[in-house]
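Visitor: Could you have a look at this structure, given as structure tokens, before my questions?
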Amino acid sequence: MPQTMSPTWSEDKWRESILRYQLRVKADTIERLATKLEHAGDFPTDTPAKLSKLIRHSAQILGEHLPTTPPDQLINVNFLLCSIAEHLRFIDRSRIANTPWSMIQGTEKFLKRQAGSSTDFIIRPQWKYNYNLIGEFVEVYRTSIRSLTWISIADWETSIEGLAQHKIYCISFPRVERLNCLLHANWGHEIGHIIAKEWIDNNFDQLWQSEETQILNSVKREIDKNPLPVVPLFQDILKQEMVADQVNKVMQVAKQGLTELICDAIGVQLLGPAALAAAIEFSAPLSIDESPLNRDMYPPWRYRIRLMVEACKQDLEEHTQKYEAEEVHYPGPTIKPFWDWLRETTYLVQNKADIASLNSNIITREAYKVICAKWQQIRQQALRLLLYNSEEPYHLFEQVRDIEQLVHKLEHDTPPNEIGQWPKNSPASLENILNAAWVFKIGRIRQDPKWGVTDDFEKLFRLVLKATEACFVHSTFGSKLKSLEQQ
Amino acid sequence: MPDLLQSAKLFEVGAKLQTASSCMSKCAQGLELDEKDREILKWAGSFLAQVDWTSEIGVETGDGGGLSVSATNTRPKFYASLLKIGPKFSEVGITPEKNIYKFLKSVYSLLISGGTNGTKIPTDQLELVSELLHTLSQNIMVDLSNNMLPTRHTLLSVGESF
């Protein structure tokens, strides 16, 4: 072992020489893996192949430009390549065998209706017990690559061809709930992340600018109440760091809080009580008053459910409506058990333990002061960002007769995929299928103490999955079948 | 939800600050800057002037790129970087603490000018600016990548999962 350091040896040069060949191999390997997945073919839609192509070209361009990459940027290229490689798992896990495949095409069609036709979704299971939406991948790659000044962003866009105008997201669901399509009403919340992001991108910076000074003053006052230990040097910079850290946390809590609350609002807007029911069931085993500071900045569940209950207010009241010259009472005997169950959430949200938790700390108190003051206006702005006919909320009370028909089918072990009878039939909407499934499930649980073993649930899930597949086929090819019949 | 785009934006800030650090090093060595270098310095100057509460430099905001949010995000790391390289300020003759703020103001003007009024700042101080930008970039990148280590999640059982 050499005992003295060579005068010509440089740590930076030594690391650079390792990184140059290491990154070349890494980029090539990612490119090859992506190519393999791109041509695997066992996916329910062509979206996984699109993400593979994006990853393949991005790794390729990073690899090709390694000779001109500045030495001090090699570690950043390494970080980028490693991040890109991690995204391959989304593709790998979205193979037909891993997903509720019968639901995927219909769901993607529903999601595209809300997010636009150039938006694609990968739906994949994850072992972690959670739902989430990741992306948007094209924009993420564009933002990262444009910061590397030695690579032309135009060359990258040319290399990925038409994908530059696309948006690709990945929606994850808990693996153990693969068949539980009733809980997948949470996908309404996940698509809300696209809308929430649009709102945040367009408005949050401005909102933050208008609130930051007042928040900064409150944080400074709080810190002044507990003076810093006296340090000989940089006393002022140390204080600035503490204040900056707390103000940053207020911003993170406010941003994450608004994001999740907008998503909940979108979920309820699209799927009505099914979204509320899924949120209730998902949060039932969780601590619902946890401070955002302990839970990755997420709002307390009780706070979220309170706002969802408010948004579902009309569906929690009684109504009488005209339906083909007949007076229809809501909830009526079929829907009533589900309606009663939902109305019990009003007791849940009367408890204000979540508010006490938020008020107990300056960071969450300041963040939620902003959220509370602006929520109604923000919610309205966010809902206006929805596409097509989704500006009108889904209301269960307006669907009584259709829901009754679909529940009747479930009671007779038939997939609830259509309304009416051939040829005067029409495909049921995904919204109605999911709400009917919840009405059926809660009705059964409340009326029949013996109902609710695993086989009962699995039968319900399979009927609903079959219905979503059949209604996709029906809505896509039904008109052609009818015209063939008439020939 | 993991916010990939927020991470990408922080990556962009970190990578650009590293490029700006290299440009400052070039300035210190008396090397020519090209147009791309000048653009990066201008961006770094505007960004840091917004990050530093004491800069008192009016910066145009609302560029649609979420500069205010990125600035709030970066601010704790900026002051932490100042503390980290703190002793080096006195090594190049910048003391007491209030003079650091004065010096930083001249740095932002230099950056915003695209490095054109660099002759007013001595070479060793330009090297210090380069080091500050590098330290801040490194702080952002290490935070973002967790130095490529897995995040620890505590489990119900004794121990941690990776």
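Every chain in the structure tokens takes a letter, A first, then B, and so on in the order presented; its residues are numbered from 1, and the ligands are numbered from 1 following the presented order.
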Tell me, as a list in words, which residues lie within 12 Å of A:Leu286, counting only C-alpha atoms; anything in the same chain fewer than 2 positions away does not count.
Guide: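 Non-adjacent residues within range: Tyr129, Ala279, Ile280, Glu281, Phe282, Ser283, Ala284, Ile288, Asp289, Glu290, Arg295, Pro300, Trp301 and Arg302 of chain A.
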Visitor: Using only C-alpha atoms and a cut-off of 8 Å, which residues of chain A sit close to chain B? Please list them as a VMD selection string.
Guide: chain A and resid 72 to 73 76 79 132 to 136 139 to 141 143 to 144 146 to 149 201 to 202 205 to 206 208 to 209 233 to 234 236 to 238 240 to 242 244 to 245 247 to 248 251
Visitor: I'd like the neighbourhood of A:Val219 as a PyMOL selection string, where a residue qualifies if any of its atoms comes within 9 Å (using only C-alpha atoms), though same-chain residues fewer than 5 positions away should be ignored.
Guide: chain A and resi 214+224+243+246-247+362-363+366
Visitor: Go ahead and write the selection's residues with C-alpha atoms as a compact mmCIF listing (two decimals), in the first residue's frame.
Guide:
```
# COMPACT_ATOMS: atom_id res chain seq x y z
CA GLN A 214 -47.84 37.27 7.51
CA ASP A 224 -38.63 35.01 19.74
CA VAL A 243 -37.24 30.69 10.64
CA GLN A 246 -40.39 26.53 9.83
CA VAL A 247 -41.80 28.74 7.08
CA ILE A 362 -47.63 26.96 14.86
CA ILE A 363 -46.73 25.21 11.60
CA GLU A 366 -50.71 28.76 10.15
```
Visitor: Using only C-alpha atoms, which residue out of A:Arg401, A:Lys53, A:His65, A:Arg95 lies closest to A:Ile122?
Guide: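 Nearest to A:Ile122: A:Arg95.
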Visitor: Compile the contact shell of stretch 185-188 of chain A as a ChimeraX atom specification: residues with an atom at most 7 Å away, counting only C-alpha atoms, same-chain residues fewer than 4 positions apart removed.
Guide: /A:192,266-267,270-271,274-275,278
Visitor: Got a sec to tell me which of stretch 315-358 of chain A DSSP assigns to strand (DSSP E), as JSON, numbers by chain?
Guide: {"A": [319, 320, 321, 322, 323, 326, 327, 328, 329, 330]}
Visitor: Go ahead and dump the residues you just picked, N, CA and C atoms, as a compact mmCIF listing (two decimals), in the first residue's frame.
Guide:
```txt
# COMPACT_ATOMS: atom_id res chain seq x y z
N HIS A 319 -85.10 13.18 -0.77
CA HIS A 319 -85.59 13.90 -1.95
C HIS A 319 -86.78 13.16 -2.53
N THR A 320 -87.65 13.92 -3.21
CA THR A 320 -88.68 13.29 -4.03
C THR A 320 -88.56 13.88 -5.42
N GLN A 321 -88.41 13.00 -6.42
CA GLN A 321 -88.18 13.49 -7.78
C GLN A 321 -89.15 12.85 -8.77
N LYS A 322 -89.41 13.56 -9.85
CA LYS A 322 -90.25 13.00 -10.92
C LYS A 322 -89.37 12.14 -11.82
N TYR A 323 -89.81 10.92 -12.12
CA TYR A 323 -89.06 10.04 -13.02
C TYR A 323 -90.08 9.36 -13.92
N GLU A 326 -93.53 9.43 -12.71
CA GLU A 326 -93.73 8.74 -11.44
C GLU A 326 -92.93 9.50 -10.37
N GLU A 327 -93.47 9.57 -9.16
CA GLU A 327 -92.73 10.23 -8.07
C GLU A 327 -91.81 9.21 -7.43
N VAL A 328 -90.53 9.54 -7.42
CA VAL A 328 -89.55 8.60 -6.87
C VAL A 328 -88.99 9.18 -5.58
N HIS A 329 -89.08 8.37 -4.52
CA HIS A 329 -88.58 8.84 -3.23
C HIS A 329 -87.13 8.37 -3.03
N TYR A 330 -86.30 9.27 -2.58
CA TYR A 330 -84.91 8.95 -2.25
C TYR A 330 -84.73 9.07 -0.76
```
Visitor: Between atom CA of A:Leu342 and atom CA of A:Leu182, what is the distance, to one decimal in Å?
Guide: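 These atoms are spaced 15.1 Å apart.
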